[in-house]
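Reproduced below: start_12.txt, with compact mmCIF, N, CA and C atoms.
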# COMPACT_ATOMS: atom_id res chain seq x y z
N MET C 6 -20.69 -6.02 25.21
CA MET C 6 -19.87 -6.40 26.34
C MET C 6 -19.31 -5.18 27.07
N SER C 7 -19.72 -4.00 26.70
CA SER C 7 -19.19 -2.78 27.28
C SER C 7 -19.28 -2.78 28.81
N GLY C 8 -18.21 -2.32 29.44
CA GLY C 8 -18.18 -2.23 30.89
C GLY C 8 -17.71 -3.49 31.59
N LYS C 9 -17.50 -4.56 30.87
CA LYS C 9 -17.00 -5.80 31.48
C LYS C 9 -15.52 -5.63 31.82
N ILE C 10 -15.09 -6.34 32.88
CA ILE C 10 -13.72 -6.29 33.34
C ILE C 10 -13.02 -7.58 32.94
N ALA C 11 -11.90 -7.45 32.20
CA ALA C 11 -11.16 -8.62 31.76
C ALA C 11 -9.71 -8.55 32.24
N LEU C 12 -9.23 -9.64 32.79
CA LEU C 12 -7.83 -9.79 33.14
C LEU C 12 -7.16 -10.58 32.04
N VAL C 13 -6.01 -10.09 31.57
CA VAL C 13 -5.26 -10.75 30.50
C VAL C 13 -3.81 -10.88 30.94
N THR C 14 -3.28 -12.09 30.86
CA THR C 14 -1.88 -12.31 31.23
C THR C 14 -1.01 -12.41 29.98
N ALA C 15 0.29 -12.26 30.19
CA ALA C 15 1.28 -12.27 29.10
C ALA C 15 0.83 -11.32 28.00
N ALA C 16 0.53 -10.09 28.41
CA ALA C 16 -0.15 -9.13 27.54
C ALA C 16 0.76 -8.13 26.83
N THR C 17 2.07 -8.33 26.86
CA THR C 17 2.94 -7.33 26.26
C THR C 17 3.24 -7.56 24.79
N ARG C 18 2.95 -8.75 24.29
CA ARG C 18 3.21 -9.02 22.87
C ARG C 18 2.42 -10.25 22.43
N GLY C 19 2.48 -10.54 21.17
CA GLY C 19 1.85 -11.75 20.63
C GLY C 19 0.35 -11.81 20.88
N LEU C 20 -0.14 -13.00 21.17
CA LEU C 20 -1.58 -13.22 21.37
C LEU C 20 -2.14 -12.39 22.51
N GLY C 21 -1.39 -12.30 23.61
CA GLY C 21 -1.88 -11.53 24.75
C GLY C 21 -2.12 -10.08 24.41
N LEU C 22 -1.21 -9.48 23.66
CA LEU C 22 -1.37 -8.09 23.25
C LEU C 22 -2.55 -7.93 22.29
N GLU C 23 -2.65 -8.83 21.33
CA GLU C 23 -3.75 -8.74 20.35
C GLU C 23 -5.11 -8.98 21.00
N ILE C 24 -5.17 -9.91 21.94
CA ILE C 24 -6.41 -10.15 22.67
C ILE C 24 -6.79 -8.89 23.44
N SER C 25 -5.81 -8.28 24.09
CA SER C 25 -6.06 -7.06 24.87
C SER C 25 -6.59 -5.93 23.99
N LYS C 26 -5.97 -5.73 22.84
CA LYS C 26 -6.42 -4.67 21.92
C LYS C 26 -7.84 -4.94 21.44
N THR C 27 -8.14 -6.18 21.12
CA THR C 27 -9.47 -6.54 20.64
C THR C 27 -10.52 -6.33 21.72
N LEU C 28 -10.23 -6.78 22.94
CA LEU C 28 -11.18 -6.57 24.04
C LEU C 28 -11.40 -5.10 24.31
N LYS C 29 -10.34 -4.31 24.26
CA LYS C 29 -10.47 -2.86 24.49
C LYS C 29 -11.39 -2.24 23.44
N LYS C 30 -11.22 -2.63 22.18
CA LYS C 30 -12.07 -2.12 21.10
C LYS C 30 -13.53 -2.50 21.32
N GLN C 31 -13.77 -3.63 22.00
CA GLN C 31 -15.12 -4.09 22.27
C GLN C 31 -15.70 -3.48 23.55
N GLY C 32 -14.96 -2.59 24.19
CA GLY C 32 -15.48 -1.87 25.34
C GLY C 32 -15.13 -2.45 26.70
N PHE C 33 -14.25 -3.43 26.75
CA PHE C 33 -13.83 -4.00 28.03
C PHE C 33 -12.90 -3.06 28.77
N GLN C 34 -12.97 -3.10 30.09
CA GLN C 34 -11.96 -2.49 30.95
C GLN C 34 -10.95 -3.59 31.22
N LEU C 35 -9.65 -3.27 31.14
CA LEU C 35 -8.64 -4.31 31.21
C LEU C 35 -7.70 -4.16 32.40
N ALA C 36 -7.28 -5.31 32.90
CA ALA C 36 -6.16 -5.41 33.84
C ALA C 36 -5.17 -6.36 33.16
N LEU C 37 -3.97 -5.87 32.92
CA LEU C 37 -2.99 -6.62 32.15
C LEU C 37 -1.79 -6.99 33.01
N MET C 38 -1.27 -8.18 32.79
CA MET C 38 -0.08 -8.64 33.50
C MET C 38 0.99 -9.04 32.49
N GLY C 39 2.24 -8.66 32.80
CA GLY C 39 3.38 -9.07 31.98
C GLY C 39 4.65 -9.08 32.81
N ARG C 40 5.66 -9.75 32.31
CA ARG C 40 6.92 -9.89 33.06
C ARG C 40 7.83 -8.67 32.97
N SER C 41 7.73 -7.92 31.89
CA SER C 41 8.68 -6.83 31.67
C SER C 41 8.06 -5.46 31.96
N GLU C 42 8.90 -4.46 32.00
CA GLU C 42 8.45 -3.08 32.19
C GLU C 42 7.50 -2.64 31.07
N ARG C 43 7.58 -3.30 29.94
CA ARG C 43 6.73 -2.95 28.80
C ARG C 43 5.24 -3.01 29.16
N ILE C 44 4.88 -3.77 30.19
CA ILE C 44 3.47 -3.88 30.57
C ILE C 44 2.89 -2.51 30.88
N TYR C 45 3.72 -1.62 31.43
CA TYR C 45 3.23 -0.28 31.76
C TYR C 45 3.01 0.56 30.51
N GLU C 46 3.83 0.37 29.49
CA GLU C 46 3.64 1.06 28.22
C GLU C 46 2.34 0.60 27.56
N VAL C 47 2.14 -0.72 27.54
CA VAL C 47 0.93 -1.28 26.93
C VAL C 47 -0.31 -0.81 27.69
N ALA C 48 -0.25 -0.84 29.02
CA ALA C 48 -1.39 -0.41 29.83
C ALA C 48 -1.70 1.06 29.58
N ASP C 49 -0.67 1.87 29.48
CA ASP C 49 -0.86 3.30 29.21
C ASP C 49 -1.47 3.51 27.82
N GLU C 50 -0.96 2.77 26.85
CA GLU C 50 -1.45 2.84 25.47
C GLU C 50 -2.94 2.48 25.39
N LEU C 51 -3.35 1.48 26.18
CA LEU C 51 -4.74 1.02 26.14
C LEU C 51 -5.62 1.67 27.21
N GLY C 52 -5.02 2.52 28.03
CA GLY C 52 -5.80 3.21 29.06
C GLY C 52 -6.35 2.28 30.11
N CYS C 53 -5.49 1.40 30.64
CA CYS C 53 -5.97 0.42 31.59
C CYS C 53 -4.95 0.18 32.70
N PHE C 54 -5.26 -0.75 33.58
CA PHE C 54 -4.41 -1.12 34.70
C PHE C 54 -3.35 -2.12 34.25
N GLY C 55 -2.09 -1.86 34.60
CA GLY C 55 -1.00 -2.77 34.27
C GLY C 55 -0.29 -3.25 35.52
N PHE C 56 0.14 -4.50 35.51
CA PHE C 56 0.81 -5.11 36.65
C PHE C 56 2.00 -5.91 36.15
N ARG C 57 3.17 -5.62 36.71
CA ARG C 57 4.36 -6.39 36.34
C ARG C 57 4.51 -7.57 37.29
N GLY C 58 4.55 -8.78 36.72
CA GLY C 58 4.70 -9.96 37.54
C GLY C 58 5.01 -11.18 36.69
N ASP C 59 5.34 -12.24 37.38
CA ASP C 59 5.75 -13.49 36.75
C ASP C 59 4.68 -14.56 37.00
N LEU C 60 4.20 -15.17 35.94
CA LEU C 60 3.15 -16.19 36.05
C LEU C 60 3.59 -17.45 36.79
N THR C 61 4.88 -17.64 36.95
CA THR C 61 5.34 -18.80 37.70
C THR C 61 5.52 -18.49 39.18
N ASN C 62 5.20 -17.25 39.58
CA ASN C 62 5.32 -16.83 40.97
C ASN C 62 3.92 -16.71 41.58
N GLU C 63 3.59 -17.59 42.50
CA GLU C 63 2.24 -17.61 43.08
C GLU C 63 1.87 -16.30 43.75
N GLU C 64 2.82 -15.66 44.42
CA GLU C 64 2.54 -14.38 45.09
C GLU C 64 2.25 -13.28 44.07
N ASP C 65 2.94 -13.29 42.93
CA ASP C 65 2.64 -12.32 41.88
C ASP C 65 1.23 -12.50 41.35
N ILE C 66 0.81 -13.75 41.18
CA ILE C 66 -0.54 -14.04 40.71
C ILE C 66 -1.57 -13.52 41.71
N LYS C 67 -1.37 -13.81 42.98
CA LYS C 67 -2.30 -13.33 44.02
C LYS C 67 -2.34 -11.80 44.03
N SER C 68 -1.19 -11.17 43.93
CA SER C 68 -1.13 -9.70 43.94
C SER C 68 -1.80 -9.10 42.71
N PHE C 69 -1.63 -9.74 41.56
CA PHE C 69 -2.27 -9.26 40.33
C PHE C 69 -3.79 -9.28 40.47
N VAL C 70 -4.32 -10.40 40.92
CA VAL C 70 -5.77 -10.51 41.06
C VAL C 70 -6.28 -9.53 42.10
N LYS C 71 -5.64 -9.47 43.25
CA LYS C 71 -6.07 -8.56 44.31
C LYS C 71 -6.01 -7.10 43.85
N SER C 72 -4.92 -6.73 43.21
CA SER C 72 -4.77 -5.35 42.72
C SER C 72 -5.83 -5.02 41.66
N SER C 73 -6.12 -5.99 40.81
CA SER C 73 -7.14 -5.79 39.77
C SER C 73 -8.52 -5.60 40.38
N VAL C 74 -8.84 -6.41 41.38
CA VAL C 74 -10.14 -6.29 42.05
C VAL C 74 -10.20 -4.99 42.84
N ASP C 75 -9.11 -4.62 43.49
CA ASP C 75 -9.08 -3.33 44.19
C ASP C 75 -9.31 -2.18 43.22
N TYR C 76 -8.78 -2.29 42.02
CA TYR C 76 -8.88 -1.23 41.00
C TYR C 76 -10.28 -1.16 40.37
N TYR C 77 -10.83 -2.33 40.00
CA TYR C 77 -12.10 -2.37 39.27
C TYR C 77 -13.30 -2.84 40.08
N GLY C 78 -13.07 -3.55 41.17
CA GLY C 78 -14.17 -4.01 42.00
C GLY C 78 -14.68 -5.41 41.71
N ARG C 79 -14.34 -5.96 40.57
CA ARG C 79 -14.81 -7.30 40.22
C ARG C 79 -14.03 -7.81 39.01
N ILE C 80 -14.30 -9.05 38.63
CA ILE C 80 -13.74 -9.66 37.43
C ILE C 80 -14.88 -10.32 36.67
N ASP C 81 -14.93 -10.09 35.36
CA ASP C 81 -15.93 -10.75 34.52
C ASP C 81 -15.31 -11.81 33.61
N VAL C 82 -14.07 -11.55 33.18
CA VAL C 82 -13.41 -12.44 32.23
C VAL C 82 -11.95 -12.61 32.65
N LEU C 83 -11.47 -13.84 32.59
CA LEU C 83 -10.06 -14.13 32.83
C LEU C 83 -9.49 -14.79 31.59
N ILE C 84 -8.49 -14.16 31.00
CA ILE C 84 -7.79 -14.73 29.86
C ILE C 84 -6.45 -15.25 30.37
N ASN C 85 -6.35 -16.56 30.54
CA ASN C 85 -5.11 -17.21 30.97
C ASN C 85 -4.25 -17.43 29.73
N ASN C 86 -3.48 -16.43 29.38
CA ASN C 86 -2.57 -16.53 28.25
C ASN C 86 -1.17 -16.77 28.81
N THR C 87 -0.38 -17.55 28.12
CA THR C 87 0.95 -17.85 28.64
C THR C 87 1.96 -17.97 27.52
N GLY C 88 3.21 -17.97 27.91
CA GLY C 88 4.30 -18.12 26.96
C GLY C 88 4.53 -19.58 26.60
N HIS C 89 5.76 -19.88 26.28
CA HIS C 89 6.09 -21.22 25.81
C HIS C 89 6.95 -21.96 26.82
N ALA C 90 6.74 -23.24 26.89
CA ALA C 90 7.56 -24.10 27.73
C ALA C 90 8.92 -24.30 27.06
N PRO C 91 9.91 -24.74 27.81
CA PRO C 91 11.22 -25.03 27.20
C PRO C 91 11.06 -26.03 26.04
N THR C 92 11.89 -25.88 25.05
CA THR C 92 11.84 -26.77 23.89
C THR C 92 13.16 -27.52 23.76
N GLY C 93 13.12 -28.57 23.00
CA GLY C 93 14.31 -29.37 22.76
C GLY C 93 13.93 -30.80 22.45
N GLU C 94 14.94 -31.61 22.32
CA GLU C 94 14.71 -33.03 22.09
C GLU C 94 14.02 -33.62 23.31
N LEU C 95 12.95 -34.34 23.10
CA LEU C 95 12.13 -34.89 24.18
C LEU C 95 12.96 -35.62 25.24
N LEU C 96 13.84 -36.46 24.83
CA LEU C 96 14.61 -37.25 25.79
C LEU C 96 15.77 -36.48 26.42
N ASN C 97 16.03 -35.28 25.91
CA ASN C 97 17.11 -34.47 26.46
C ASN C 97 16.64 -33.39 27.41
N LEU C 98 15.33 -33.21 27.54
CA LEU C 98 14.82 -32.21 28.47
C LEU C 98 15.09 -32.66 29.91
N THR C 99 15.58 -31.75 30.72
CA THR C 99 15.86 -32.07 32.12
C THR C 99 14.58 -32.03 32.94
N ASP C 100 14.65 -32.58 34.13
CA ASP C 100 13.50 -32.50 35.04
C ASP C 100 13.15 -31.04 35.32
N ASN C 101 14.15 -30.18 35.47
CA ASN C 101 13.89 -28.76 35.71
C ASN C 101 13.14 -28.13 34.54
N GLN C 102 13.49 -28.50 33.31
CA GLN C 102 12.78 -27.98 32.14
C GLN C 102 11.34 -28.48 32.11
N TRP C 103 11.12 -29.75 32.46
CA TRP C 103 9.76 -30.28 32.52
C TRP C 103 8.95 -29.54 33.57
N MET C 104 9.55 -29.29 34.74
CA MET C 104 8.85 -28.57 35.81
C MET C 104 8.56 -27.13 35.40
N GLU C 105 9.49 -26.49 34.70
CA GLU C 105 9.25 -25.13 34.21
C GLU C 105 8.06 -25.12 33.24
N GLY C 106 8.01 -26.10 32.35
CA GLY C 106 6.89 -26.21 31.44
C GLY C 106 5.57 -26.43 32.17
N PHE C 107 5.59 -27.28 33.19
CA PHE C 107 4.40 -27.53 33.99
C PHE C 107 3.94 -26.25 34.69
N GLU C 108 4.88 -25.47 35.22
CA GLU C 108 4.55 -24.19 35.87
C GLU C 108 3.92 -23.23 34.86
N ILE C 109 4.54 -23.13 33.68
CA ILE C 109 4.11 -22.15 32.68
C ILE C 109 2.77 -22.52 32.06
N LEU C 110 2.60 -23.79 31.73
CA LEU C 110 1.42 -24.20 30.97
C LEU C 110 0.25 -24.70 31.81
N PHE C 111 0.49 -25.09 33.05
CA PHE C 111 -0.59 -25.66 33.84
C PHE C 111 -0.82 -24.95 35.18
N LEU C 112 0.20 -24.90 36.02
CA LEU C 112 -0.01 -24.37 37.36
C LEU C 112 -0.45 -22.91 37.38
N ASN C 113 0.07 -22.09 36.46
CA ASN C 113 -0.37 -20.69 36.47
C ASN C 113 -1.86 -20.59 36.15
N VAL C 114 -2.37 -21.47 35.29
CA VAL C 114 -3.80 -21.47 34.97
C VAL C 114 -4.62 -21.85 36.20
N VAL C 115 -4.18 -22.88 36.90
CA VAL C 115 -4.86 -23.30 38.13
C VAL C 115 -4.86 -22.17 39.15
N ARG C 116 -3.69 -21.58 39.37
CA ARG C 116 -3.57 -20.52 40.38
C ARG C 116 -4.38 -19.28 40.04
N LEU C 117 -4.30 -18.84 38.79
CA LEU C 117 -5.07 -17.66 38.38
C LEU C 117 -6.57 -17.91 38.48
N THR C 118 -7.00 -19.06 38.02
CA THR C 118 -8.42 -19.38 38.06
C THR C 118 -8.91 -19.45 39.51
N ARG C 119 -8.14 -20.09 40.35
CA ARG C 119 -8.50 -20.22 41.77
C ARG C 119 -8.61 -18.84 42.44
N GLU C 120 -7.74 -17.93 42.07
CA GLU C 120 -7.77 -16.58 42.66
C GLU C 120 -8.89 -15.71 42.08
N ALA C 121 -9.12 -15.84 40.77
CA ALA C 121 -10.04 -14.93 40.09
C ALA C 121 -11.52 -15.31 40.21
N VAL C 122 -11.84 -16.58 40.13
CA VAL C 122 -13.24 -17.01 40.08
C VAL C 122 -14.08 -16.50 41.27
N PRO C 123 -13.57 -16.48 42.48
CA PRO C 123 -14.39 -15.96 43.58
C PRO C 123 -14.81 -14.49 43.40
N HIS C 124 -14.12 -13.76 42.51
CA HIS C 124 -14.46 -12.36 42.26
C HIS C 124 -15.37 -12.19 41.05
N MET C 125 -15.81 -13.29 40.47
CA MET C 125 -16.77 -13.28 39.37
C MET C 125 -18.16 -13.43 39.96
N THR C 126 -18.61 -12.38 40.61
CA THR C 126 -19.83 -12.45 41.42
C THR C 126 -21.10 -12.59 40.61
N ASN C 127 -21.09 -12.18 39.35
CA ASN C 127 -22.27 -12.30 38.50
C ASN C 127 -22.02 -13.32 37.38
N GLY C 128 -21.24 -14.33 37.69
CA GLY C 128 -20.84 -15.29 36.65
C GLY C 128 -19.62 -14.74 35.94
N GLY C 129 -19.05 -15.51 35.09
CA GLY C 129 -17.86 -15.06 34.39
C GLY C 129 -17.41 -16.08 33.37
N VAL C 130 -16.32 -15.71 32.71
CA VAL C 130 -15.76 -16.54 31.65
C VAL C 130 -14.27 -16.70 31.89
N VAL C 131 -13.77 -17.92 31.75
CA VAL C 131 -12.35 -18.20 31.82
C VAL C 131 -11.94 -18.78 30.47
N VAL C 132 -10.92 -18.17 29.85
CA VAL C 132 -10.41 -18.63 28.57
C VAL C 132 -8.92 -18.95 28.74
N ASN C 133 -8.52 -20.15 28.34
CA ASN C 133 -7.13 -20.57 28.44
C ASN C 133 -6.50 -20.58 27.06
N VAL C 134 -5.36 -19.88 26.93
CA VAL C 134 -4.65 -19.76 25.65
C VAL C 134 -3.18 -20.08 25.89
N SER C 135 -2.59 -20.86 25.03
CA SER C 135 -1.14 -21.08 25.14
C SER C 135 -0.53 -21.22 23.76
Would you mind writing the structure in this file as structure tokens?
Amino acid sequence: MSGKIALVTAATRGLGLEISKTLKKQGFQLALMGRSERIYEVADELGCFGFRGDLTNEEDIKSFVKSSVDYYGRIDVLINNTGHAPTGELLNLTDNQWMEGFEILFLNVVRLTREAVPHMTNGGVVVNVS
């Protein structure tokens, strides 16, 4: 898989970080997105492109994909990794908490996929992780 370009979200810790490290070891070029400044440390550590942004912000998603394509020229793999939705007693969750969960677990996947797939000019792979 050497030379393939992979975008990974929520890449500063947990599954996103481990996926990024594994792909790097397999020869992928990476574009990583995370909410905190730590994304730049991780990107530097892995020798790749890092972008600070929020998966619930549509403009951040568009900017991440555009910046990644500007940097690498294409996308081969999209790893839609995300954090956790609000937790609590089912009947006590507010509408805002339900909407936050919907944004985190569903809409960011739709938005990222919609933005990234047109740049998969030679085919590609989309993997959803939560």
- Between atom N of Asn133 in chain C and CA of Asp59 in chain C, what is the spacing in Å?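 Pair CA of Asp59 in chain C / atom N of Asn133 in chain C returns 17.9 Å.
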- Message: Could you pull out the alpha helix (DSSP H) residues of range 30-97 of chain C, going by DSSP on the backbone, and write them as a list in words?
- Response: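 So, restricting range 30-97 of chain C to alpha helix (DSSP H), we get Lys30, Arg43, Ile44, Tyr45, Glu46, Val47, Ala48, Asp49, Glu50, Leu51, Glu63, Glu64, Asp65, Ile66, Lys67, Ser68, Phe69, Val70, Lys71, Ser72, Ser73, Val74, Asp75, Tyr76 and Tyr77 of chain C.
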5 Å contact set for Gly55 in chain C, all atoms listed in the file, chain neighbours under 2 positions out, as a PDB file with N, CA and C atoms, in the coordinates of the input:
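File written: selection.pdb
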ATOM      1  N   LEU C  37      -3.970  -5.870  32.920  1.00  0.00           N
ATOM      2  CA  LEU C  37      -2.990  -6.620  32.150  1.00  0.00           C
ATOM      3  C   LEU C  37      -1.790  -6.990  33.010  1.00  0.00           C
ATOM      4  N   CYS C  53      -5.490   1.400  30.640  1.00  0.00           N
ATOM      5  CA  CYS C  53      -5.970   0.420  31.590  1.00  0.00           C
ATOM      6  C   CYS C  53      -4.950   0.180  32.700  1.00  0.00           C
ATOM      7  N   ARG C  57       3.170  -5.620  36.710  1.00  0.00           N
ATOM      8  CA  ARG C  57       4.360  -6.390  36.340  1.00  0.00           C
ATOM      9  C   ARG C  57       4.510  -7.570  37.290  1.00  0.00           C
TER      10      ARG C  57
END
- Task: Tell me which protein, DNA and RNA residues are within 12 Å of range 70-83 of chain C, counting only C-alpha atoms, leaving out same-chain ones fewer than 2 positions away, and put them as a PyMOL selection string.
- Result: chain C and resi 6-14+21+24-25+28+33-38+53-58+60+63-68+85-86+114-134
- Task: Give me, please, the distance in Å between atom N of Asn101 in chain C and atom N of Ile44 in chain C, quoted to one decimal.
- Result: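 So the two atoms, atom N of Asn101 in chain C and atom N of Ile44 in chain C, lie 28.5 Å apart.
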- Those in range 6-134 of chain C with strand (DSSP E) from DSSP, as a ChimeraX atom specification: /C:10-13,34-39,54-57,82-86,130-134
Generate a file of the selected residues that holds N, CA and C atoms, formatted as a short mmCIF file (atom, residue, chain, number, x, y, z; two decimals), in the coordinates of the input.
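Output contents, as saved in part-v6.cif:
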data_model
loop_
_atom_site.label_atom_id
_atom_site.label_comp_id
_atom_site.auth_asym_id
_atom_site.auth_seq_id
_atom_site.Cartn_x
_atom_site.Cartn_y
_atom_site.Cartn_z
N ILE C 10 -15.09 -6.34 32.88
CA ILE C 10 -13.72 -6.29 33.34
C ILE C 10 -13.02 -7.58 32.94
N ALA C 11 -11.90 -7.45 32.20
CA ALA C 11 -11.16 -8.62 31.76
C ALA C 11 -9.71 -8.55 32.24
N LEU C 12 -9.23 -9.64 32.79
CA LEU C 12 -7.83 -9.79 33.14
C LEU C 12 -7.16 -10.58 32.04
N VAL C 13 -6.01 -10.09 31.57
CA VAL C 13 -5.26 -10.75 30.50
C VAL C 13 -3.81 -10.88 30.94
N GLN C 34 -12.97 -3.10 30.09
CA GLN C 34 -11.96 -2.49 30.95
C GLN C 34 -10.95 -3.59 31.22
N LEU C 35 -9.65 -3.27 31.14
CA LEU C 35 -8.64 -4.31 31.21
C LEU C 35 -7.70 -4.16 32.40
N ALA C 36 -7.28 -5.31 32.90
CA ALA C 36 -6.16 -5.41 33.84
C ALA C 36 -5.17 -6.36 33.16
N LEU C 37 -3.97 -5.87 32.92
CA LEU C 37 -2.99 -6.62 32.15
C LEU C 37 -1.79 -6.99 33.01
N MET C 38 -1.27 -8.18 32.79
CA MET C 38 -0.08 -8.64 33.50
C MET C 38 0.99 -9.04 32.49
N GLY C 39 2.24 -8.66 32.80
CA GLY C 39 3.38 -9.07 31.98
C GLY C 39 4.65 -9.08 32.81
N PHE C 54 -5.26 -0.75 33.58
CA PHE C 54 -4.41 -1.12 34.70
C PHE C 54 -3.35 -2.12 34.25
N GLY C 55 -2.09 -1.86 34.60
CA GLY C 55 -1.00 -2.77 34.27
C GLY C 55 -0.29 -3.25 35.52
N PHE C 56 0.14 -4.50 35.51
CA PHE C 56 0.81 -5.11 36.65
C PHE C 56 2.00 -5.91 36.15
N ARG C 57 3.17 -5.62 36.71
CA ARG C 57 4.36 -6.39 36.34
C ARG C 57 4.51 -7.57 37.29
N VAL C 82 -14.07 -11.55 33.18
CA VAL C 82 -13.41 -12.44 32.23
C VAL C 82 -11.95 -12.61 32.65
N LEU C 83 -11.47 -13.84 32.59
CA LEU C 83 -10.06 -14.13 32.83
C LEU C 83 -9.49 -14.79 31.59
N ILE C 84 -8.49 -14.16 31.00
CA ILE C 84 -7.79 -14.73 29.86
C ILE C 84 -6.45 -15.25 30.37
N ASN C 85 -6.35 -16.56 30.54
CA ASN C 85 -5.11 -17.21 30.97
C ASN C 85 -4.25 -17.43 29.73
N ASN C 86 -3.48 -16.43 29.38
CA ASN C 86 -2.57 -16.53 28.25
C ASN C 86 -1.17 -16.77 28.81
N VAL C 130 -16.32 -15.71 32.71
CA VAL C 130 -15.76 -16.54 31.65
C VAL C 130 -14.27 -16.70 31.89
N VAL C 131 -13.77 -17.92 31.75
CA VAL C 131 -12.35 -18.20 31.82
C VAL C 131 -11.94 -18.78 30.47
N VAL C 132 -10.92 -18.17 29.85
CA VAL C 132 -10.41 -18.63 28.57
C VAL C 132 -8.92 -18.95 28.74
N ASN C 133 -8.52 -20.15 28.34
CA ASN C 133 -7.13 -20.57 28.44
C ASN C 133 -6.50 -20.58 27.06
N VAL C 134 -5.36 -19.88 26.93
CA VAL C 134 -4.65 -19.76 25.65
C VAL C 134 -3.18 -20.08 25.89
#
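Atom C of Arg43 in chain C is found 5.7 Å from CA of Thr17 in chain C.
Distances from C:Gly106, C:Ile84, C:Ser41, C:Glu50 to Lys26 in chain C were compared using only C-alpha atoms, and the smallest one belongs to C:Glu50.
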To test the calculation: enclose all listed atoms of range 19-29 of chain C in a box whose edges run along x, y and z, add 6 Å on each side, then state centre and edge lengths in Å to one decimal, as AutoDock Vina command-line options.
--center_x -4.5 --center_y -7.7 --center_z 22.6 --size_x 25.9 --size_y 23.0 --size_z 16.5
